[in-house]
Amino acid sequence: MRQFGSEVPFAEPPDLQGQYSPYYGEHHHRWRVQCRKFVEEELLPHVEEWDEAGDIPAEELRRKAYAAGIYGATWPREFGGTPPEGSEGPWHGSWEAVKVDPFFDFILWDELARCGAGGVLAGLFVPTNIGLPPIVVYGSDALKKRIVADCVTGAKSCCLAVTEPSGGSDVGSIKTTAVREGDYYIVNGAKKWITGGMKADFFTVLCRTGN
């Protein structure tokens with residue numbers, strides 16, 4: 001079995017030193033190789049440049065990550081998801097539509113962290129990861145058809161707009177309102193510190209619709 005971590009005894013979890021683990025099997029190790037390849041080829045050579053510039057080529061990176069099987073790894077196949085080999089089953093992930101072994105998700109983020117640039121990862125992966133699930137789980141079929149596949153494949157991005165300047169992320173203090181007028185809701189309020197908000201194509205916005 002391939003060794004991924006330090007050779008110093010007990011410096012790494014057993015599986016990273018090529019030892020047996022009850023949690024990780026051959027499919028997990030192949031997935032780690034796949035994730036590491038993407039990080040080493042597409043992120044590590046450029047992170048310092050992106051950090052200095054204060055910007056990333058977001059859409060290009062999303063598309064590359066999707067082509068590498070990374071970006072769509074935890075999304076349902078029906079929307080273009082690309083679950084890793086051996087990962088699918090009756091799992092209960094961070095939201096009910098996730099049917100991927102959570103240890104594959106652990107590996108993904110463990111390897112992504114090797115780029116050492118949290119801002120790059122937040123800008124690339126986090127917006128859609130938190131903004132799209134409410135649409136997949138609760139959205140109408142028409143809304144899903146319009147939005148989900150494009151976001152899963154990286155063509156578009158969706159962010160989650162909860163935090164407000166007056167109450168932070170305390171959802172009980174939300175002041176933004178949505179009032180129904182005919183076929184539409186009129187939204188009034190302010191959101192702030194929205195991860196990926198400056199580059200997002202779609203917004204999942206938490207609002208009050210009543211008293």
# chains A, B, ... in the order shown; residues from 1 in each chain; ligands from 1

$ closest_atom_pairs --of "region 95-131 of chain A" --to "region 58-63 of chain A" --cutoff "10 Å" --atoms "only C-alpha atoms" --output "JSON lines"
{"residue": "A:Val120", "atom": "CA", "partner": "A:Ala58", "partner_atom": "CA", "distance": 9.0}
{"residue": "A:Gly123", "atom": "CA", "partner": "A:Ala58", "partner_atom": "CA", "distance": 7.3}
{"residue": "A:Leu124", "atom": "CA", "partner": "A:Ala58", "partner_atom": "CA", "distance": 6.1}
{"residue": "A:Phe125", "atom": "CA", "partner": "A:Arg62", "partner_atom": "CA", "distance": 8.0}

$ write_last_selection --atoms "N, CA, C and O atoms" --output "PDB file, in the first residue's frame"
ATOM      1  N   VAL A 120      -7.891  30.516  -1.177  1.00  0.00           N
ATOM      2  CA  VAL A 120      -8.098  29.883  -2.482  1.00  0.00           C
ATOM      3  C   VAL A 120      -9.165  28.801  -2.369  1.00  0.00           C
ATOM      4  O   VAL A 120     -10.080  28.717  -3.204  1.00  0.00           O
ATOM      5  N   GLY A 123     -12.650  30.311  -1.803  1.00  0.00           N
ATOM      6  CA  GLY A 123     -13.196  30.918  -3.006  1.00  0.00           C
ATOM      7  C   GLY A 123     -13.588  29.907  -4.062  1.00  0.00           C
ATOM      8  O   GLY A 123     -14.518  30.127  -4.843  1.00  0.00           O
ATOM      9  N   LEU A 124     -12.898  28.774  -4.066  1.00  0.00           N
ATOM     10  CA  LEU A 124     -13.123  27.784  -5.116  1.00  0.00           C
ATOM     11  C   LEU A 124     -14.217  26.777  -4.760  1.00  0.00           C
ATOM     12  O   LEU A 124     -15.096  26.489  -5.580  1.00  0.00           O
ATOM     13  N   PHE A 125     -14.198  26.247  -3.552  1.00  0.00           N
ATOM     14  CA  PHE A 125     -15.078  25.130  -3.203  1.00  0.00           C
ATOM     15  C   PHE A 125     -16.235  25.485  -2.276  1.00  0.00           C
ATOM     16  O   PHE A 125     -17.301  24.889  -2.358  1.00  0.00           O
TER      17      PHE A 125
END

$ residues_around --residues "Ala190 (chain A)" --least-positions-apart "5" --cutoff "9 Å" --atoms "only C-alpha atoms" --output "list in words"
Thr163, Glu164, Pro165, Ser166, Lys175 and Thr176 of chain A

$ residues_around --residues "region 93-103 of chain A" --least-positions-apart "5" --cutoff "6 Å" --atoms "only C-alpha atoms" --output "number ranges by chain"
A: 74, 87-88

$ select_by_dssp --residues "region 1-207 of chain A" --states "alpha helix (DSSP H)" --output "JSON, numbers by chain"
{"A": [26, 27, 28, 29, 30, 31, 32, 33, 34, 35, 36, 37, 38, 47, 48, 49, 50, 51, 52, 53, 58, 59, 60, 61, 62, 63, 64, 65, 66, 67, 102, 103, 104, 105, 106, 107, 108, 109, 110, 111, 112, 118, 119, 120, 121, 122, 123, 124, 126, 127, 128, 129, 130, 131, 133, 134, 135, 136, 137, 138, 141, 142, 143, 144, 145, 146, 147, 148, 149, 150, 151, 152]}

$ residues_around --residues "Phe203 (chain A)" --least-positions-apart "4" --cutoff "6 Å" --atoms "only C-alpha atoms" --output "NGL selection string"
:A and (158-160)

$ atom_distance --atom1 "CA of Glu181 (chain A)" --atom2 "CA of Val162 (chain A)"
22.4 Å

$ residues_around --residues "Ala178 (chain A)" --least-positions-apart "6" --cutoff "6 Å" --atoms "only C-alpha atoms" --output "PyMOL selection string"
chain A and resi 185-187+207-209

$ residues_around --residues "Phe38 (chain A)" --least-positions-apart "3" --cutoff "9 Å" --atoms "only C-alpha atoms" --output "NGL selection string"
:A and (33-35 or 41-43 or 64-65 or 68 or 70 or 112)

$ closest_atom_pairs --of "region 85-201 of chain A" --to "region 3-7 of chain A" --cutoff "12 Å" --atoms "only C-alpha atoms" --output "CSV"
residue,atom,partner,partner_atom,distance
A:Ile107,CA,A:Phe4,CA,11.7
A:Asp110,CA,A:Phe4,CA,11.7
A:Glu111,CA,A:Phe4,CA,10.5
A:Arg114,CA,A:Gly5,CA,11.8

$ closest_residue --among "A:Pro76, A:Gly210, A:Gly118, A:Ala142" --to "Asp51 (chain A)" --atoms "only C-alpha atoms"
A:Gly118

$ residues_around --residues "Arg77 (chain A)" --least-positions-apart "6" --cutoff "10 Å" --atoms "only C-alpha atoms" --output "JSON, numbers by chain"
{"A": [83, 149, 152]}
